[in-house]
$ cat protein-v3.txt   # compact mmCIF, C-alpha atoms and all ligand atoms
# COMPACT_ATOMS: atom_id res chain seq x y z
CA MET A 129 0.00 0.00 0.00
CA VAL A 130 2.76 2.36 0.95
CA ILE A 131 4.72 1.41 -2.16
CA ARG A 132 1.68 1.97 -4.29
CA TYR A 133 1.24 5.43 -2.80
CA VAL A 134 4.89 6.28 -3.43
CA VAL A 135 4.63 5.14 -7.06
CA LEU A 136 1.45 7.11 -7.53
CA SER A 137 2.95 10.26 -6.04
CA ALA A 138 6.01 9.82 -8.20
CA LEU A 139 3.80 9.56 -11.27
CA LEU A 140 1.84 12.65 -10.34
CA PHE A 141 5.09 14.45 -9.78
CA LEU A 142 6.26 13.40 -13.26
CA GLY A 143 3.12 14.77 -14.77
CA VAL A 144 1.33 11.53 -15.64
CA SER A 145 -1.95 10.99 -13.85
CA SER A 146 -2.76 7.36 -13.10
CA ALA A 147 -5.30 7.32 -15.90
CA GLN A 148 -2.81 8.55 -18.47
CA THR A 149 -0.76 6.35 -20.70
CA LEU A 150 2.54 7.04 -22.39
CA ARG A 151 2.38 6.09 -26.05
CA ILE A 152 5.45 5.08 -28.03
CA PHE A 153 5.34 5.00 -31.82
CA ALA A 154 7.52 2.29 -33.40
CA SER A 155 7.61 -0.34 -36.14
CA GLU A 156 6.65 -3.93 -35.42
CA THR A 157 10.29 -5.04 -35.58
CA GLN A 158 11.23 -2.31 -33.12
CA GLN A 159 8.29 -3.19 -30.87
CA GLN A 160 9.42 -6.83 -30.70
CA ALA A 161 12.85 -5.70 -29.57
CA ILE A 162 11.74 -3.15 -26.96
CA GLN A 163 8.63 -4.89 -25.57
CA LYS A 164 10.42 -6.60 -22.68
CA LEU A 165 12.07 -3.32 -21.66
CA VAL A 166 8.69 -1.61 -21.69
CA ASP A 167 7.06 -4.42 -19.69
CA ASP A 168 9.82 -4.19 -17.09
CA TYR A 169 9.32 -0.44 -16.84
CA ILE A 170 5.60 -0.85 -16.32
CA ALA A 171 6.24 -3.45 -13.62
CA GLU A 172 8.83 -1.31 -11.86
CA THR A 173 7.16 2.08 -12.00
CA GLY A 174 3.46 1.42 -12.47
CA THR A 175 3.47 3.85 -15.41
CA GLN A 176 1.17 2.77 -18.21
CA VAL A 177 3.02 2.50 -21.50
CA GLU A 178 1.65 1.37 -24.84
CA ILE A 179 3.37 0.86 -28.15
CA GLU A 180 1.53 2.08 -31.20
CA LEU A 181 2.63 0.30 -34.37
CA GLY A 182 3.54 2.18 -37.51
CA GLY A 183 4.51 0.94 -40.99
CA ALA A 184 7.39 -1.43 -41.57
CA THR A 185 9.65 1.09 -43.28
CA THR A 186 11.16 4.41 -42.25
CA GLU A 187 9.43 6.37 -45.00
CA GLN A 188 5.99 4.93 -44.14
CA ARG A 189 6.43 5.92 -40.52
CA THR A 190 7.65 9.40 -41.46
CA GLN A 191 4.47 9.78 -43.48
CA TYR A 192 2.38 8.92 -40.42
CA LEU A 193 4.38 11.22 -38.15
CA SER A 194 3.90 13.98 -40.66
CA THR A 195 0.11 13.63 -40.38
CA VAL A 196 0.07 13.46 -36.58
CA LEU A 197 2.59 16.23 -35.97
CA THR A 198 1.30 18.60 -38.61
CA ALA A 199 -2.06 18.31 -36.84
CA GLN A 200 -0.21 19.13 -33.57
CA SER A 201 -1.68 16.03 -32.02
CA GLY A 202 -0.45 14.66 -28.71
CA GLU A 203 -1.71 11.15 -29.38
CA ILE A 204 1.82 9.78 -29.22
CA ASP A 205 4.36 10.91 -26.62
CA ILE A 206 7.57 9.26 -27.76
CA TYR A 207 8.79 8.06 -31.10
CA LEU A 208 11.77 6.32 -32.59
CA PHE A 209 13.18 8.29 -35.48
CA ASP A 210 15.75 7.33 -38.07
CA VAL A 211 19.26 8.79 -38.19
CA VAL A 212 18.35 10.40 -41.53
CA ASN A 213 15.69 12.59 -39.91
CA PRO A 214 17.05 14.90 -37.17
CA LEU A 215 17.69 17.97 -39.36
CA GLN A 216 14.32 17.75 -41.06
CA PHE A 217 12.29 16.95 -37.93
CA ALA A 218 14.01 19.67 -35.90
CA ALA A 219 13.42 22.22 -38.67
CA THR A 220 9.71 21.35 -38.87
CA GLY A 221 9.27 21.56 -35.08
CA TRP A 222 8.45 17.86 -34.72
CA LEU A 223 10.91 17.21 -31.90
CA GLU A 224 10.94 18.54 -28.38
CA PRO A 225 14.32 20.21 -27.64
CA LEU A 226 15.79 18.32 -24.70
CA ASN A 227 18.43 20.66 -23.20
CA SER A 228 16.09 22.13 -20.60
CA TYR A 229 15.36 18.66 -19.22
CA PHE A 230 18.91 18.58 -17.86
CA GLU A 231 19.91 20.58 -14.81
CA SER A 232 22.69 22.37 -16.62
CA GLU A 233 24.77 22.34 -19.78
CA ALA A 234 27.41 20.41 -17.81
CA ALA A 235 24.84 17.77 -16.82
CA LEU A 236 23.81 17.43 -20.46
CA GLN A 237 27.41 16.96 -21.59
CA GLU A 238 28.01 14.44 -18.85
CA TYR A 239 24.92 12.49 -19.84
CA LEU A 240 26.02 12.39 -23.48
CA SER A 241 29.67 11.53 -22.93
CA PRO A 242 29.22 7.70 -22.82
CA PHE A 243 27.54 7.71 -26.27
CA LEU A 244 29.44 7.36 -29.56
CA PRO A 245 30.44 10.93 -30.51
CA SER A 246 29.26 10.66 -34.13
CA VAL A 247 25.80 9.50 -33.06
CA VAL A 248 25.51 12.34 -30.54
CA GLN A 249 26.52 14.86 -33.21
CA THR A 250 23.65 13.75 -35.43
CA ASN A 251 21.20 14.64 -32.68
CA LEU A 252 22.76 17.94 -31.68
CA ILE A 253 21.80 20.78 -33.95
CA ASP A 254 23.48 24.08 -33.16
CA GLY A 255 23.93 22.88 -29.59
CA THR A 256 20.33 21.76 -29.12
CA LEU A 257 19.70 18.09 -28.40
CA TYR A 258 16.68 16.67 -30.23
CA GLY A 259 17.03 12.94 -29.65
CA ILE A 260 18.73 10.38 -27.45
CA PRO A 261 20.42 7.59 -29.41
CA ALA A 262 18.59 4.27 -29.05
CA TRP A 263 21.05 2.33 -31.22
CA THR A 264 23.25 2.95 -34.19
CA ASP A 265 23.39 0.70 -37.24
CA THR A 266 25.60 -0.34 -40.14
CA ARG A 267 25.14 -2.40 -43.24
CA PHE A 268 27.29 -5.46 -43.70
CA LEU A 269 27.70 -8.21 -46.22
CA TYR A 270 26.25 -11.39 -44.70
CA TYR A 271 27.46 -14.68 -46.13
CA ARG A 272 27.00 -18.39 -45.61
CA THR A 273 30.11 -19.71 -43.90
CA ASP A 274 29.20 -23.33 -44.68
CA LEU A 275 28.90 -22.68 -48.42
CA LEU A 276 32.04 -20.56 -48.68
CA GLU A 277 34.01 -23.23 -46.81
CA LYS A 278 32.60 -26.01 -48.97
CA TYR A 279 33.92 -24.26 -52.09
CA GLY A 280 37.18 -23.12 -50.52
CA PHE A 281 36.44 -19.37 -50.62
CA GLU A 282 37.47 -16.62 -48.25
CA PRO A 283 34.85 -13.87 -47.72
CA PRO A 284 35.00 -11.61 -50.79
CA THR A 285 36.62 -8.20 -50.51
CA THR A 286 35.70 -7.01 -54.02
CA TRP A 287 32.41 -7.01 -55.90
CA GLU A 288 34.11 -9.02 -58.64
CA GLU A 289 35.11 -11.76 -56.17
CA LEU A 290 31.57 -11.82 -54.81
CA ARG A 291 30.30 -12.35 -58.36
CA GLU A 292 32.71 -15.21 -59.08
CA GLN A 293 31.97 -16.94 -55.80
CA ALA A 294 28.21 -16.56 -56.18
CA LEU A 295 28.33 -18.03 -59.70
CA ALA A 296 30.56 -20.94 -58.67
CA ILE A 297 28.42 -21.80 -55.64
CA ALA A 298 25.19 -21.55 -57.63
CA GLU A 299 26.59 -23.85 -60.28
CA GLY A 300 27.95 -26.32 -57.71
CA GLU A 301 24.75 -26.44 -55.65
CA GLY A 302 22.37 -26.67 -58.62
CA ASN A 303 19.53 -25.42 -56.39
CA PRO A 304 17.12 -23.17 -58.34
CA ASP A 305 15.97 -21.49 -55.10
CA LEU A 306 19.47 -20.42 -54.09
CA GLN A 307 20.12 -16.72 -54.81
CA GLY A 308 23.74 -15.66 -55.18
CA PHE A 309 23.43 -12.08 -53.99
CA ASN A 310 20.42 -10.50 -52.33
CA TYR A 311 20.09 -6.76 -51.65
CA GLN A 312 17.31 -4.16 -51.47
CA GLY A 313 15.88 -2.72 -54.69
CA ALA A 314 12.33 -1.82 -53.63
CA ALA A 315 11.42 1.89 -53.43
CA ILE A 316 12.36 1.95 -49.73
CA GLU A 317 14.83 3.94 -47.66
CA GLY A 318 17.37 1.10 -47.60
CA THR A 319 17.68 1.25 -51.40
CA ASN A 320 19.36 4.64 -50.99
CA CYS A 321 22.16 2.74 -49.27
CA THR A 322 22.17 0.13 -52.04
CA PHE A 323 23.03 3.01 -54.37
CA LEU A 324 25.40 4.97 -52.12
CA GLU A 325 27.52 2.02 -51.04
CA ALA A 326 28.23 0.95 -54.61
CA LEU A 327 28.97 4.59 -55.52
CA TRP A 328 31.30 5.08 -52.54
CA THR A 329 33.13 1.79 -53.14
CA ALA A 330 33.64 2.82 -56.77
CA GLY A 331 35.50 5.85 -55.40
CA GLY A 332 32.66 8.34 -55.95
CA ASP A 333 30.26 10.34 -53.83
CA TRP A 334 26.95 12.11 -54.43
CA ARG A 335 28.55 15.54 -53.96
CA ASP A 336 32.11 16.88 -54.27
CA ALA A 337 34.04 19.07 -51.84
CA ASP A 338 32.67 22.23 -53.52
CA GLY A 339 29.08 21.08 -53.11
CA ASN A 340 28.54 20.11 -56.76
CA ILE A 341 26.27 17.12 -57.28
CA THR A 342 28.35 14.27 -58.76
CA VAL A 343 25.86 11.55 -59.51
CA ASP A 344 26.00 11.54 -63.30
CA THR A 345 29.62 10.37 -63.21
CA ASP A 346 31.79 7.42 -64.21
CA GLN A 347 31.82 6.09 -60.65
CA ALA A 348 28.03 6.07 -60.42
CA ARG A 349 27.84 4.52 -63.89
CA ARG A 350 30.10 1.75 -62.69
CA ALA A 351 27.87 1.19 -59.65
CA LEU A 352 24.77 0.83 -61.82
CA GLU A 353 26.55 -1.34 -64.37
CA TRP A 354 27.46 -3.64 -61.51
CA TYR A 355 23.85 -3.91 -60.40
CA ARG A 356 22.75 -4.47 -63.99
CA ASP A 357 25.29 -7.28 -64.15
CA THR A 358 23.96 -8.92 -60.96
CA LEU A 359 20.67 -9.32 -62.85
CA ASP A 360 22.20 -10.27 -66.22
CA SER A 361 24.49 -12.86 -64.67
CA GLY A 362 21.62 -14.30 -62.61
CA ILE A 363 23.31 -13.97 -59.21
CA THR A 364 20.38 -11.74 -58.22
CA VAL A 365 16.70 -12.56 -58.64
CA PRO A 366 14.78 -10.72 -61.41
CA THR A 367 12.27 -9.51 -58.77
CA ILE A 368 14.89 -7.42 -56.94
CA ALA A 369 12.75 -4.30 -57.53
CA GLU A 370 10.33 -5.73 -54.95
CA MET A 371 12.97 -6.66 -52.39
CA THR A 372 12.58 -4.92 -49.02
CA THR A 373 14.92 -5.20 -46.03
CA ASP A 374 12.93 -7.83 -44.24
CA LEU A 375 12.24 -9.87 -47.38
CA SER A 376 16.02 -10.04 -47.84
CA ARG A 377 16.38 -11.18 -44.24
CA GLN A 378 13.74 -13.86 -44.77
CA ALA A 379 15.34 -15.16 -47.98
CA PHE A 380 18.70 -15.53 -46.25
CA GLN A 381 17.16 -17.02 -43.10
CA SER A 382 15.38 -19.72 -45.09
CA GLY A 383 18.70 -20.74 -46.60
CA ASN A 384 18.04 -19.23 -50.03
CA ALA A 385 20.91 -16.75 -50.38
CA VAL A 386 24.70 -17.07 -50.39
CA PHE A 387 25.36 -13.33 -49.90
CA MET A 388 23.11 -10.56 -48.63
CA MET A 389 23.44 -6.88 -47.76
CA ASN A 390 21.58 -6.01 -44.59
CA TRP A 391 21.53 -4.12 -41.29
CA SER A 392 22.60 -5.38 -37.88
CA TYR A 393 19.22 -6.69 -36.69
CA ALA A 394 19.34 -9.62 -39.12
CA TRP A 395 22.13 -11.34 -37.16
CA ALA A 396 20.05 -12.06 -34.04
CA ARG A 397 17.15 -13.31 -36.14
CA PHE A 398 19.44 -15.83 -37.86
CA GLN A 399 20.76 -17.05 -34.52
CA ASN A 400 17.55 -16.98 -32.47
CA ASP A 401 14.47 -17.47 -34.66
CA GLU A 402 12.93 -20.93 -34.51
CA ASP A 403 12.52 -21.06 -38.27
CA SER A 404 16.13 -20.09 -39.00
CA THR A 405 17.90 -22.67 -41.16
CA VAL A 406 21.22 -20.82 -41.10
CA LYS A 407 21.98 -20.65 -37.38
CA GLY A 408 25.74 -21.06 -36.84
CA ASN A 409 26.41 -20.74 -40.58
CA VAL A 410 26.38 -16.97 -40.94
CA GLY A 411 29.41 -14.76 -41.44
CA ILE A 412 29.64 -10.98 -41.56
CA THR A 413 32.14 -8.90 -43.49
CA SER A 414 32.61 -5.36 -44.77
CA VAL A 415 30.91 -4.07 -47.88
CA PRO A 416 33.06 -5.17 -50.86
CA VAL A 417 34.74 -2.61 -53.14
CA PHE A 418 35.64 -2.10 -56.77
CA ASP A 419 39.39 -2.54 -57.43
CA ASP A 420 41.28 -1.33 -54.37
CA ASN A 421 38.93 1.42 -53.24
CA THR A 422 38.21 1.98 -49.57
CA PRO A 423 35.29 0.03 -48.04
CA ALA A 424 32.32 2.19 -47.08
CA THR A 425 29.02 1.45 -45.44
CA CYS A 426 25.93 3.47 -44.56
CA VAL A 427 25.33 4.56 -41.01
CA GLY A 428 21.84 3.85 -39.74
CA GLY A 429 20.09 3.68 -36.43
CA PHE A 430 17.31 5.21 -34.38
CA GLN A 431 16.85 7.89 -31.75
CA TRP A 432 14.27 8.43 -29.03
CA GLY A 433 12.43 11.68 -29.50
CA ILE A 434 9.58 13.40 -27.68
CA ASN A 435 6.55 14.82 -29.43
CA PRO A 436 6.45 18.57 -28.63
CA TYR A 437 2.64 18.31 -28.46
CA SER A 438 2.70 15.52 -25.84
CA GLU A 439 1.01 16.27 -22.55
CA ASN A 440 3.36 13.95 -20.69
CA LYS A 441 6.75 15.32 -21.61
CA GLU A 442 8.46 14.98 -18.22
CA ALA A 443 7.36 11.38 -17.88
CA ALA A 444 8.31 10.74 -21.50
CA PHE A 445 11.79 12.06 -20.79
CA GLU A 446 12.15 9.67 -17.83
CA LEU A 447 11.10 6.77 -20.02
CA ILE A 448 13.47 7.54 -22.88
CA GLN A 449 16.38 7.82 -20.48
CA TYR A 450 15.54 4.34 -19.24
CA LEU A 451 15.16 3.00 -22.79
CA ALA A 452 18.52 4.50 -23.81
CA SER A 453 20.30 3.40 -20.62
CA GLU A 454 23.34 1.16 -20.64
CA ASP A 455 21.31 -1.80 -19.34
CA SER A 456 18.65 -1.35 -22.00
CA GLN A 457 21.21 -1.03 -24.78
CA ARG A 458 23.05 -4.09 -23.44
CA TYR A 459 19.81 -6.07 -23.69
CA LEU A 460 19.05 -4.76 -27.20
CA ALA A 461 22.57 -5.57 -28.40
CA ALA A 462 22.81 -9.04 -26.84
CA GLU A 463 19.28 -10.23 -27.62
CA TRP A 464 18.41 -8.31 -30.79
CA SER A 465 21.87 -7.45 -32.20
CA GLN A 466 21.04 -3.75 -32.31
CA THR A 467 24.37 -1.95 -32.62
CA PRO A 468 25.09 -0.12 -29.34
CA ALA A 469 25.15 3.66 -29.31
CA ARG A 470 27.20 3.52 -26.09
CA THR A 471 30.96 2.98 -26.26
CA SER A 472 31.28 0.72 -23.17
CA LEU A 473 29.12 -1.98 -24.75
CA TYR A 474 31.75 -2.67 -27.41
CA GLU A 475 33.77 -4.29 -24.62
CA ASP A 476 30.87 -5.92 -22.81
CA ALA A 477 31.14 -9.70 -22.33
CA ASP A 478 27.40 -10.40 -22.74
CA VAL A 479 27.17 -8.32 -25.88
CA LEU A 480 30.28 -9.77 -27.49
CA ALA A 481 29.32 -13.35 -26.67
CA ALA A 482 26.07 -12.85 -28.61
CA ALA A 483 27.37 -10.55 -31.35
CA PRO A 484 31.17 -10.65 -31.76
CA GLN A 485 30.89 -8.44 -34.87
CA PHE A 486 30.53 -5.40 -32.61
CA GLN A 487 34.13 -5.85 -31.55
CA ASP A 488 35.47 -7.14 -34.89
CA PHE A 489 33.92 -4.27 -36.83
CA TYR A 490 34.09 -1.49 -34.27
CA TYR A 491 36.07 0.77 -36.61
CA VAL A 492 33.76 0.02 -39.51
CA ILE A 493 30.79 0.96 -37.32
CA ILE A 494 32.21 4.22 -36.04
CA ASN A 495 33.41 5.21 -39.53
CA ALA A 496 30.17 4.41 -41.35
CA ARG A 497 29.10 7.19 -43.73
CA PRO A 498 25.92 9.25 -43.54
CA ARG A 499 23.30 9.57 -46.22
CA PRO A 500 22.81 13.20 -47.38
CA GLN A 501 22.19 15.32 -44.29
CA THR A 502 19.60 17.92 -45.11
CA GLU A 503 16.30 19.40 -44.03
CA PHE A 504 14.99 18.20 -47.39
CA TYR A 505 15.80 14.58 -46.77
CA THR A 506 12.32 13.34 -47.68
CA ASP A 507 12.79 14.78 -51.19
CA VAL A 508 16.30 13.34 -51.50
CA SER A 509 15.14 9.93 -50.33
CA ASP A 510 12.08 9.89 -52.64
CA LEU A 511 14.22 10.82 -55.60
CA ILE A 512 17.01 8.27 -55.13
CA ARG A 513 14.94 5.32 -54.05
CA SER A 514 12.28 5.77 -56.71
CA SER A 515 14.89 6.30 -59.47
CA MET A 516 16.82 3.24 -58.37
CA ASN A 517 13.64 1.23 -58.12
CA ALA A 518 12.68 2.15 -61.71
CA PHE A 519 16.17 1.10 -62.76
CA PHE A 520 15.88 -2.26 -60.96
CA ALA A 521 12.44 -2.79 -62.46
CA GLY A 522 13.97 -2.29 -65.90
CA SER A 523 11.78 0.72 -66.74
CA GLU A 524 14.73 3.19 -66.80
CA ASP A 525 18.18 2.63 -68.27
CA ILE A 526 21.46 3.60 -66.61
CA ASP A 527 21.84 6.98 -68.35
CA THR A 528 18.31 8.12 -67.62
CA THR A 529 18.51 6.98 -64.00
CA LEU A 530 21.72 8.91 -63.40
CA GLN A 531 20.45 12.02 -65.17
CA THR A 532 17.22 11.98 -63.19
CA MET A 533 19.08 11.73 -59.90
CA GLN A 534 21.68 14.33 -60.90
CA GLU A 535 19.09 16.92 -61.96
CA GLY A 536 16.77 16.12 -59.07
CA LEU A 537 19.51 16.56 -56.48
CA GLU A 538 20.67 19.79 -58.15
CA ASP A 539 17.12 21.14 -57.82
CA ILE A 540 16.76 20.09 -54.19
CA PHE A 541 20.11 21.55 -53.15
CA ALA A 542 19.58 24.76 -55.16
CA ASN A 543 17.05 25.72 -52.45
C1 LIG B 601 17.64 0.40 -40.72
C2 LIG B 601 18.55 1.55 -40.33
C3 LIG B 601 17.96 2.85 -40.73
C4 LIG B 601 17.62 2.81 -42.19
C5 LIG B 601 16.65 1.71 -42.49
C6 LIG B 601 16.41 1.63 -43.98
O1 LIG B 601 16.57 0.32 -39.87
O2 LIG B 601 18.84 1.51 -38.97
O3 LIG B 601 18.83 3.92 -40.46
O4 LIG B 601 17.13 4.02 -42.69
O5 LIG B 601 17.16 0.48 -42.03
O6 LIG B 601 15.69 0.54 -44.37
$ encode --input "protein-v3.txt" --output "structure tokens"
Amino acid sequence: MVIRYVVLSALLFLGVSSAQTLRIFASETQQQAIQKLVDDYIAETGTQVEIELGGATTEQRTQYLSTVLTAQSGEIDIYLFDVVNPLQFAATGWLEPLNSYFESEAALQEYLSPFLPSVVQTNLIDGTLYGIPAWTDTRFLYYRTDLLEKYGFEPPTTWEELREQALAIAEGEGNPDLQGFNYQGAAIEGTNCTFLEALWTAGGDWRDADGNITVDTDQARRALEWYRDTLDSGITVPTIAEMTTDLSRQAFQSGNAVFMMNWSYAWARFQNDEDSTVKGNVGITSVPVFDDNTPATCVGGFQWGINPYSENKEAAFELIQYLASEDSQRYLAAEWSQTPARTSLYEDADVLAAAPQFQDFYYVIINARPRPQTEFYTDVSDLIRSSMNAFFAGSEDIDTTLQTMQEGLEDIFAN
């Protein structure tokens, strides 16, 4: 009884009446990962917390947030937002600035110091903190260790090696369901990374040091010729234009892919899901390159943000601190292979026992490259992913695809 009273007073103090509920907006995959943390929080504090499910992809959820936040609705209190969004969401007033929730600037700095500096920087805009990192993310090349060993291959370091290995394994296995190389070609956010990684590893970039857009270039042509070849050579399925992140994960998990590009979450699913046929046979390596270019991968990840129209902001702030705590991130890394946003976890025994890649690829993770950082990211994302999707579907050729992206980006950045 006494405990109940204390909890209730604490809740009233935090600004949540007993009848109120904190609502978190997340995808189903995110909900699966955070549900236990949320249940523990409810049990420990008595606070009511619900998770409202949004679409499976980043851009679908941004669409929903746009509707809710443009209407200035407080129906959700907390949301997970993608690393591509801070500039845009801060500029549109969709994120509660968090500095005033800390006692002082020194307290804020102290709170942030255990996080990876690059991830903190993404959330700090002109000194204002808009989100607390939930986890970071990186794309890797996943491969089947059993198949590579069977054919005497080391993990490929170049795209050309990947091609040769995929062809040899496909020929040797003679299994029509076995895809050589699976990646994302649907009109989704991840397809922007499909494009950028091939461009970067061809030695190019989307913009040069003077700010000129450099997408209609030899390096980008090489990237698209490579993808065209994955289809022509048959190492990739003809339906790649429909391939989303989780469909890739499912294809690999059911044993139907030799190589696959994907984010960190896929690892835990391969090891833990009951229907996984690849448990113990999965390897991870860096994104391959053309010739001897430098490997490059996209940075990803999600942040906890507070809806500025929430009526429970103080309580929401308490909850996101708990969700971003070292214990919570340890759980998310060890059980769900979400890449920690806190430095200490890269040396944590529980985390490394479950996901040794966080130690092996620490430098790859902290040096992962951002997608274009701009307030107009929705436009950039729409342009690249829809152009690439038309290319994968075969409705646009290489020249037209590159011209469309070049001119589109020039228009967006002329603003
Ligand atoms: C992952 C990444 C995120 C990215 C998304 C694209 O969830 O963490 O940053 O935008 O995939 O599909």
$ residues_near_ligand --input "protein-v3.txt" --ligand "ligand LIG 601 (chain B)" --cutoff "8 Å" --atoms "only C-alpha atoms and all ligand atoms" --output "PyMOL selection string"
chain A and resi 185-186+210-212+264-266+316-319+321+372-373+391-392+427-430
$ closest_residue --input "protein-v3.txt" --among "A:Ala154, A:Ala298, A:Ala483, A:Ala542" --to "A:Gln188" --atoms "only C-alpha atoms"
A:Ala154
$ closest_residue --input "protein-v3.txt" --among "A:Ile152, A:Ala482, A:Ala314, A:Ala351" --to "A:Gly408" --atoms "all atoms listed in the file"
A:Ala482
$ atom_distance --input "protein-v3.txt" --atom1 "atom CA of A:Arg350" --atom2 "atom CA of A:Asp539"
23.8 Å
$ residues_around --input "protein-v3.txt" --residues "stretch 464-479 of chain A" --least-positions-apart "5" --cutoff "8 Å" --atoms "all atoms listed in the file" --output "ChimeraX atom specification"
/A:161,242-244,247,261-266,392-397,454,457-459,484,486-487,490
$ atom_distance --input "protein-v3.txt" --atom1 "atom CA of A:Pro304" --atom2 "atom CA of A:Leu375"
17.9 Å
$ atom_distance --input "protein-v3.txt" --atom1 "atom CA of A:Ala521" --atom2 "atom CA of A:Ala330"
22.7 Å
$ closest_residue --input "protein-v3.txt" --among "A:Ala462, A:Leu447, A:Leu295, A:Met389" --to "A:Thr358" --atoms "all atoms listed in the file"
A:Leu295
$ residues_around --input "protein-v3.txt" --residues "stretch 225-230 of chain A" --least-positions-apart "5" --cutoff "10 Å" --atoms "all atoms listed in the file" --output "ChimeraX atom specification"
/A:218,235-237,239,252-253,255-260,433-436,441-442,445-446
$ closest_atom_pairs --input "protein-v3.txt" --of "stretch 365-389 of chain A" --to "stretch 276-290 of chain A" --cutoff "12 Å" --atoms "all atoms listed in the file" --output "CSV"
residue,atom,partner,partner_atom,distance
A:Ala385,CA,A:Leu276,CA,11.9
A:Val386,CA,A:Leu276,CA,8.3
A:Phe387,CA,A:Leu290,CA,8.1
A:Met388,CA,A:Leu290,CA,10.6
A:Met389,CA,A:Leu290,CA,11.8
$ residues_around --input "protein-v3.txt" --residues "A:Ala199" --least-positions-apart "4" --cutoff "12 Å" --atoms "only C-alpha atoms" --output "PyMOL selection string"
chain A and resi 192-195+203+221-222+435-437
$ closest_residue --input "protein-v3.txt" --among "A:Ser514, A:Thr190, A:Phe217, A:Glu180" --to "A:Gln163" --atoms "all atoms listed in the file"
A:Glu180
$ residues_around --input "protein-v3.txt" --residues "A:Ser376" --least-positions-apart "3" --cutoff "8 Å" --atoms "only C-alpha atoms" --output "ChimeraX atom specification"
/A:310-312,371-373,379-380,388,390
$ axis_aligned_box --input "protein-v3.txt" --around "stretch 465-470 of chain A" --padding-each-side "3 Å" --output "JSON"
{"center_x": 24.1, "center_y": -1.9, "center_z": -29.4, "size_x": 12.2, "size_y": 17.1, "size_z": 12.5}
